[in-house]
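**Student:** Following this message is one structure expressed as structure tokens.
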Amino acid sequence: MRAVVAVLSALLAGVLSGVASELVTLVQEPVRTESPLLKPKVMIAIVARNAAHSLAYYLGCIERLEYPKERIAIWAATDHNTDNTTAMLREWLKSAQQVYHYVEWRPMEEPRSYTDEWGPKHWPPSRFNHVMKLRQAALKAARERWADYIMFVDSDNLLTNPRVLDLLMAENLTLVAPMMESRSLYSNFWCGMTPQGYYKRTPDYQPIREWKRLGCFAVPMVHSTFLIDLRRESSRDLTFYPPHPDYSWAFDDIMVFAFSARQAGVQMYVCNREHYGFLPVPLKAQQSVEDESENFIHTITEALIDHDMEPTQHLYSAAPAQDTMGFENIFLINLKRRLDRRTRMFKSLASLGLHATLTDAVDGKALNTSQLQALGIEMLPGYKDPYSGRVLTRGEIGCFLSHHSIWTEVLERGLQKVLVLEDDVRFEPRFKRRLQAIMDDIDKTQLDWDLIYVGRKRMQVQKPEKSVDKVNNLVEADYSYWTLGYALSQQGAQKLLAAEPFRRMLPVDEFLPVMFNKHPNAEYMKQFEPRDLKAFSVEPLLIYPTHYTGEPGYISDTETSTIWDDEAVATDWDRQHARKTAQQGRIQSVAQNTVTGDSPPPASRASRDEL
């Protein structure tokens with residue numbers, strides 16, 4: 001018996017030893033990590049009509065989204081076009097189907113218009129009905145394809161933030177919109193709604209639109225660009241068409257969908273944690289496709305301020321013909337080390353159909369004392385900056401020399417009239433057409449002029465400036481700051497050079513008001529005779545700075561420098577004394593300029609409705 005037990009014990013020990021050996025072997029093998037999850041599947045819905053002017057940039061933004069293209073499906077529809085939108089979309093989709101997960105294409109060549117519309121910008125009931133059906137078809141396709149999300153993006157909205165999909169998904173919301181920007185207060189959300197479903201002004205809107213409150217906010221309406229999480233159970237009840245049986249408001253696609261969301265228990269949200277993109281301010285029903293194209297050009301120039309955008313390479317888009325608006329030259333002043341500004345300005349000017357000549361700015365930071373002495377530069381006796389009390393900076397001297405070189409070129413080449421632009425400006429809507437109209441009026445009336453501000457900071461704000469008879473949108477300029485942009489005649493250049501400003505230099509934007517006898521400091525004006533520069537200003541202004549003191553992206557090459565007579569003393573005056581480069585203060589109603597002609601665009605109306 002003992003022998004049997006001994007044998008069994010030996011066998012059991014051997015078995016256990018083998019098991020232990022196998023266990024040790026398993027533990028020693030490398031543990032394989034799990035692969036990352038695939039990104040959620042997204043369908044992007046494109047509904048385009050008469051969008052030839054916007055498609056190249058719009059599709060370029062879609063292409064640059066930082067999201068795996070094999071996880072994106074494209075659903076596109078177009079109809080009722082009077083331009084070549086259909087051909088452009090078809091061409092792009094041929095390339096898109098090679099890289100995107102799935103492409104669905106719904107073109108309709110005829111008819112080219114709705115029977116009950118006044119024009120291409122009018123929205124009759126038949127158009128609302130058709131657009132709602134198209135959006136519903138896109139939503140149905142996304143569900144049938146088991147997409148996790150669907151994103152609707154209007155064909156003139158520019159998604160300049162390539163991370164927008166990931167950012168919105170991270171908010172973990174059923175229906176969320178990225179806050180889209182325009183030059184006015186207009187955006188793609190409402191903060192208030194009447195019981196009848198119409199827009200309602202509320203105090204909540206502006207702090208969100210101006211990023212004074214940051215986050216994701218529950219709102220009653222989002223439109224134009226938004227993301228729907230189709231994995232949510234409540235999303236099943238979202239519909240664009242037909243309208244909900246209880247819907248009795250106006251027949252409008254965004255109102256119908258907002259009602260559907262409310263009935264489905266889905267809260268709409270808008271997020272402004274980051275900057276996501278741009279959209280144009282809507283036009284009036286009677287406006288044309290040409291007006292819409294011009295309006296979109298302004299959207300491009302706004303987006304270019306902080307984003308290096310390019311149109312898609314899969315479409316040929318002819319650049320607009322470039323001219324100089326009747327000026328003999330358009331000079332663009334730019335520092336060689338500011339390549340970003342130079343690139344942006346040339347892209348913006350090309351979009352506007354303008355040809356400019358680059359003028360290398362004099363870099364004040366590179367100026368040394370011996371160079372200043374060689375030029376015979378002396379500071380105006382008693383000059384001190386009115387805000388900081390400092391003397392002239394080398395940056396300000398460089399700025400003056402840059403403008404002075406253009407005045408000299410105007411005389412040497414015998415140019416009759418030129419336009420001078422600095423490289424940190426933004427253009428107002430319809431810039432080219434409006435400036436041309438003003439210059440045409442000036443020519444017709446044979447106005448005797450030397451200098452015309454196109455952009456400035458008005459400093460005299462106690463009384464209105466005098467409007468110019470028979471010339472729309474022009475006033476006689478009073479004390480002003482900034483040299484963002486101005487028209488200059490040969491006669492004006494001659495007067496500025498004859499004053500010999502190198503011998504008593506002050507900042508160029510202080511020198512100009514002295515020369516047209518509007519500077520408040522009489523001691524400065526005594527130094528210059530005669531002071532007979534004939535100076536005017538467009539009203540409303542047509543260009544503004546891209547950034548103001550304290551805003552992200554603000555850089556000053558004139559204020560942040562060294563003082564003129566000691567290159568060892570660095571300055572950062574503008575950070576501490578921001579009033580000179582701050583935005584134009586509120587001009588009291590009694591001092592508002594009154595002019596005939598084109599009314600201010602929405603961008604310059606602080607009181608403009610959100611919609």
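Identifiers in the structure tokens: chain A, B, ... in order shown; residue index from 1 per chain; ligand index from 1 in order shown.
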List the neighbours of A:Asp148 out to 12 Å using only C-alpha atoms; skip same-chain residues closer than 2 positions along the sequence, and give me the result as a PyMOL selection string.

**Tutor:** chain A and resi 38-44+71-73+139+141-146+150-151+169+174+227-233+235

**Student:** Would you kindly return, as a PyMOL selection string, each protein, DNA or RNA residue with an atom no farther than 10 Å from any atom of A:Arg341, considering only C-alpha atoms and excluding same-chain residues fewer than 5 positions away?

**Tutor:** chain A and resi 304-306+334-336+346-347+422-425

**Student:** Could you write those residues out with all heavy atoms, as a short mmCIF file (atom, residue, chain, number, x, y, z; two decimals), in the first residue's frame?

**Tutor:**
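Wrote it out as part-v2.cif, contents follow:
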data_model
loop_
_atom_site.label_atom_id
_atom_site.label_comp_id
_atom_site.auth_asym_id
_atom_site.auth_seq_id
_atom_site.Cartn_x
_atom_site.Cartn_y
_atom_site.Cartn_z
N LEU A 304 -8.80 85.03 -42.91
CA LEU A 304 -7.36 85.05 -43.16
C LEU A 304 -6.58 85.80 -42.09
O LEU A 304 -5.35 85.64 -41.98
CB LEU A 304 -7.07 85.69 -44.53
CG LEU A 304 -7.32 84.80 -45.75
CD1 LEU A 304 -7.26 85.63 -47.03
CD2 LEU A 304 -6.33 83.65 -45.81
N ILE A 305 -7.24 86.61 -41.28
CA ILE A 305 -6.54 87.41 -40.27
C ILE A 305 -5.76 86.51 -39.31
O ILE A 305 -4.61 86.78 -38.98
CB ILE A 305 -7.53 88.31 -39.50
CG1 ILE A 305 -8.03 89.42 -40.43
CG2 ILE A 305 -6.87 88.90 -38.26
CD1 ILE A 305 -9.15 90.26 -39.84
N ASP A 306 -6.37 85.42 -38.89
CA ASP A 306 -5.70 84.53 -37.93
C ASP A 306 -5.53 83.10 -38.44
O ASP A 306 -5.10 82.22 -37.69
CB ASP A 306 -6.48 84.49 -36.61
CG ASP A 306 -6.41 85.82 -35.87
OD1 ASP A 306 -5.28 86.31 -35.68
OD2 ASP A 306 -7.46 86.36 -35.50
N ASN A 334 5.43 96.73 -45.37
CA ASN A 334 5.59 95.50 -44.60
C ASN A 334 7.05 95.30 -44.21
O ASN A 334 7.95 95.47 -45.02
CB ASN A 334 5.09 94.30 -45.42
CG ASN A 334 5.50 92.97 -44.83
OD1 ASN A 334 6.44 92.34 -45.28
ND2 ASN A 334 4.79 92.53 -43.79
N LEU A 335 7.28 94.93 -42.94
CA LEU A 335 8.61 94.57 -42.48
C LEU A 335 9.00 93.21 -43.04
O LEU A 335 8.19 92.28 -43.05
CB LEU A 335 8.65 94.51 -40.95
CG LEU A 335 8.71 95.85 -40.19
CD1 LEU A 335 8.48 95.59 -38.70
CD2 LEU A 335 10.06 96.53 -40.40
N LYS A 336 10.24 93.07 -43.47
CA LYS A 336 10.69 91.79 -44.03
C LYS A 336 10.50 90.65 -43.04
O LYS A 336 10.21 89.52 -43.44
CB LYS A 336 12.16 91.89 -44.43
CG LYS A 336 12.39 92.59 -45.76
CD LYS A 336 13.86 92.51 -46.16
CE LYS A 336 14.08 93.14 -47.54
NZ LYS A 336 15.50 93.06 -47.96
N PHE A 346 -1.37 89.81 -48.99
CA PHE A 346 -1.42 89.53 -50.43
C PHE A 346 -2.57 88.57 -50.76
O PHE A 346 -3.21 88.72 -51.81
CB PHE A 346 -0.08 88.98 -50.92
CG PHE A 346 0.91 90.07 -51.27
CD1 PHE A 346 2.13 90.16 -50.64
CD2 PHE A 346 0.59 91.02 -52.24
CE1 PHE A 346 3.04 91.16 -50.96
CE2 PHE A 346 1.50 92.03 -52.56
CZ PHE A 346 2.71 92.11 -51.92
N LYS A 347 -2.86 87.63 -49.88
CA LYS A 347 -4.01 86.74 -50.10
C LYS A 347 -5.32 87.54 -50.02
O LYS A 347 -6.23 87.34 -50.83
CB LYS A 347 -4.02 85.61 -49.07
CG LYS A 347 -2.99 84.53 -49.33
CD LYS A 347 -3.14 83.40 -48.32
CE LYS A 347 -2.16 82.28 -48.60
NZ LYS A 347 -2.31 81.15 -47.63
N GLU A 422 -0.98 99.83 -44.65
CA GLU A 422 -0.11 99.10 -43.73
C GLU A 422 -0.55 97.64 -43.70
O GLU A 422 -1.62 97.28 -44.19
CB GLU A 422 -0.15 99.75 -42.34
CG GLU A 422 0.45 101.15 -42.35
CD GLU A 422 0.54 101.81 -40.99
OE1 GLU A 422 -0.20 101.39 -40.07
OE2 GLU A 422 1.33 102.77 -40.85
N ASP A 423 0.27 96.78 -43.11
CA ASP A 423 0.04 95.33 -43.23
C ASP A 423 -0.79 94.73 -42.10
O ASP A 423 -0.94 93.50 -42.03
CB ASP A 423 1.37 94.59 -43.34
CG ASP A 423 2.22 94.70 -42.07
OD1 ASP A 423 1.78 95.36 -41.11
OD2 ASP A 423 3.33 94.13 -42.05
N ASP A 424 -1.33 95.57 -41.21
CA ASP A 424 -2.11 95.04 -40.09
C ASP A 424 -3.55 95.56 -40.13
O ASP A 424 -4.10 95.97 -39.12
CB ASP A 424 -1.45 95.39 -38.76
CG ASP A 424 -1.22 96.89 -38.59
OD1 ASP A 424 -1.40 97.64 -39.58
OD2 ASP A 424 -0.86 97.32 -37.48
N VAL A 425 -4.14 95.53 -41.33
CA VAL A 425 -5.48 96.08 -41.48
C VAL A 425 -6.47 94.98 -41.88
O VAL A 425 -6.10 93.97 -42.46
CB VAL A 425 -5.52 97.21 -42.54
CG1 VAL A 425 -4.57 98.33 -42.16
CG2 VAL A 425 -5.21 96.70 -43.94
#

**Student:** Do you have the atom CA of A:Ala319-atom CA of A:Ala350 distance handy?

**Tutor:** 7.3 Å

**Student:** Need to verify the contact set: stretch 358-370 of chain A, 7 Å, only C-alpha atoms, exclusion of same-chain residues closer than 4 positions in sequence. Can you return it as a PyMOL selection string?

**Tutor:** chain A and resi 331-336+374+394-395+397-399+401-402+561+565

**Student:** I'd like the interatomic distance between atom CA of A:His130 and atom CA of A:Leu279, to a tenth of an Å.

**Tutor:**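 About the pair atom CA of A:His130 and atom CA of A:Leu279: they are 22.5 Å apart.
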
**Student:** Identify, with DSSP run on backbone atoms, the residues in stretch 121-283 of chain A assigned to strand (DSSP E or B), and express the list as a PyMOL selection string.

**Tutor:** chain A and resi 149-153+158-159+175-178+180-181+189-190+193+199+216-219+221-222+225-229+268-271+277-278

**Student:** Just C-alpha atoms for this one: save the residues we selected as a PDB file, in the first residue's frame.

**Tutor:**
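Dumped to selection_37.pdb:
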ATOM      1  CA  TYR A 149     -22.545  61.380 -35.965  1.00  0.00           C
ATOM      2  CA  ILE A 150     -23.829  63.642 -38.686  1.00  0.00           C
ATOM      3  CA  MET A 151     -22.505  67.144 -39.176  1.00  0.00           C
ATOM      4  CA  PHE A 152     -24.410  69.725 -41.197  1.00  0.00           C
ATOM      5  CA  VAL A 153     -22.195  72.521 -42.566  1.00  0.00           C
ATOM      6  CA  LEU A 158     -15.595  78.055 -43.158  1.00  0.00           C
ATOM      7  CA  LEU A 159     -14.376  75.569 -40.525  1.00  0.00           C
ATOM      8  CA  LEU A 175     -26.816  68.332 -30.517  1.00  0.00           C
ATOM      9  CA  VAL A 176     -24.025  70.879 -30.377  1.00  0.00           C
ATOM     10  CA  ALA A 177     -22.883  73.743 -32.604  1.00  0.00           C
ATOM     11  CA  PRO A 178     -19.487  75.425 -32.785  1.00  0.00           C
ATOM     12  CA  MET A 180     -19.249  80.653 -35.880  1.00  0.00           C
ATOM     13  CA  GLU A 181     -17.855  84.170 -36.235  1.00  0.00           C
ATOM     14  CA  PHE A 189     -27.310  80.517 -32.540  1.00  0.00           C
ATOM     15  CA  TRP A 190     -30.074  82.324 -30.665  1.00  0.00           C
ATOM     16  CA  MET A 193     -37.104  82.631 -28.730  1.00  0.00           C
ATOM     17  CA  TYR A 199     -35.925  85.289 -32.610  1.00  0.00           C
ATOM     18  CA  CYS A 216     -21.054  75.259 -23.890  1.00  0.00           C
ATOM     19  CA  PHE A 217     -24.430  76.900 -23.385  1.00  0.00           C
ATOM     20  CA  ALA A 218     -27.971  75.570 -23.634  1.00  0.00           C
ATOM     21  CA  VAL A 219     -29.786  77.644 -26.268  1.00  0.00           C
ATOM     22  CA  MET A 221     -31.687  77.555 -31.549  1.00  0.00           C
ATOM     23  CA  VAL A 222     -28.573  76.578 -33.479  1.00  0.00           C
ATOM     24  CA  THR A 225     -23.253  74.324 -38.679  1.00  0.00           C
ATOM     25  CA  PHE A 226     -23.941  71.718 -35.980  1.00  0.00           C
ATOM     26  CA  LEU A 227     -23.194  68.119 -34.946  1.00  0.00           C
ATOM     27  CA  ILE A 228     -25.745  65.455 -33.978  1.00  0.00           C
ATOM     28  CA  ASP A 229     -24.777  62.361 -31.960  1.00  0.00           C
ATOM     29  CA  MET A 268     -29.416  72.418 -28.332  1.00  0.00           C
ATOM     30  CA  TYR A 269     -25.994  73.736 -27.272  1.00  0.00           C
ATOM     31  CA  VAL A 270     -23.508  76.230 -28.672  1.00  0.00           C
ATOM     32  CA  CYS A 271     -19.818  76.104 -27.710  1.00  0.00           C
ATOM     33  CA  GLY A 277     -14.821  79.118 -38.019  1.00  0.00           C
ATOM     34  CA  PHE A 278     -16.618  81.872 -39.903  1.00  0.00           C
TER      35      PHE A 278
END

**Student:** Can you work out which one of A:Met505, A:Ile46, A:Leu65, A:Met309 has the shortest atom-to-atom distance to A:Leu375, counting only C-alpha atoms?

**Tutor:**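 Going through A:Met505, A:Ile46, A:Leu65, A:Met309 one by one, the smallest distance to A:Leu375 is for A:Met505.
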
**Student:** Work out how far atom CA of A:Lys284 is from atom CA of A:Tyr57, in Å to one decimal.

**Tutor:**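 These atoms are spaced 23.2 Å apart.
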
**Student:** Find the residues around A:Val471 up to 12 Å (only C-alpha atoms counted), leave out those fewer than 5 positions away in its own chain, and share them as a ChimeraX atom specification.

**Tutor:** /A:435,437-447,466,476,536-539,595-598

**Student:** Compare A:Asp246, A:Val420, A:Lys212, A:Met255 by their minimum atom-to-atom distance to A:Gly197, counting only C-alpha atoms, and give me the closest one.

**Tutor:**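 Nearest candidate to A:Gly197 out of A:Asp246, A:Val420, A:Lys212, A:Met255: A:Met255.
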
**Student:** Excluding same-chain residues fewer than 3 positions from A:Phe251, what lies within 9 Å of it counting only C-alpha atoms, as a list of chain:residue names?

**Tutor:**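 Neighbouring residues, sequence-local ones excluded: A:Pro125, A:Phe128, A:Asn129, A:Pro243, A:Ser248, A:Met255, A:Val256.
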
**Student:** Return the single residue from A:Lys140, A:Arg338, A:Arg262, A:Lys384 that is closest to A:Pro507, with distances computed using only C-alpha atoms.

**Tutor:**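 For A:Pro507, the nearest of the given residues is A:Lys384.
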
**Student:** Which residue, A:Glu70, A:Glu428, A:Glu109, A:Asp291, has the smallest gap to A:Ala87 when you use only C-alpha atoms?

**Tutor:**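 Between A:Glu70, A:Glu428, A:Glu109, A:Asp291, the residue approaching A:Ala87 most closely is A:Glu109.
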
**Student:** Hey, what does DSSP flag as alpha helix (DSSP H) within stretch 363-410 of chain A? Can you give it to me as a PyMOL selection string?

**Tutor:** chain A and resi 369-374+394-410

**Student:** Using only C-alpha atoms, pick whichever of A:Thr78, A:Asn473, A:Thr85, A:Asn295 has the shortest atom-to-atom distance to A:Pro107.

**Tutor:**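 With only C-alpha atoms as the atom set, the closest residue is A:Thr78.
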
**Student:** Which polymer residues have any atom within 10 Å of an atom of A:Ile377, counting only C-alpha atoms, with same-chain residues fewer than 4 positions away left out, as a VMD selection string?

**Tutor:** chain A and resid 369 371 to 373 397 501 to 505 564

**Student:** How would the residues just picked look written out with C-alpha atoms as a short mmCIF file (atom, residue, chain, number, x, y, z; two decimals), in the first residue's frame?

**Tutor:**
data_model
loop_
_atom_site.label_atom_id
_atom_site.label_comp_id
_atom_site.auth_asym_id
_atom_site.auth_seq_id
_atom_site.Cartn_x
_atom_site.Cartn_y
_atom_site.Cartn_z
CA THR A 369 22.48 106.14 -33.68
CA GLN A 371 22.25 106.02 -39.11
CA LEU A 372 19.89 108.51 -37.48
CA GLN A 373 22.62 111.13 -37.46
CA ILE A 397 11.00 106.53 -36.56
CA PRO A 501 10.04 116.58 -41.06
CA PHE A 502 13.41 114.89 -40.41
CA ARG A 503 14.66 118.06 -38.71
CA ARG A 504 11.77 118.01 -36.17
CA MET A 505 10.39 114.52 -36.18
CA TRP A 564 15.17 107.28 -30.28
#
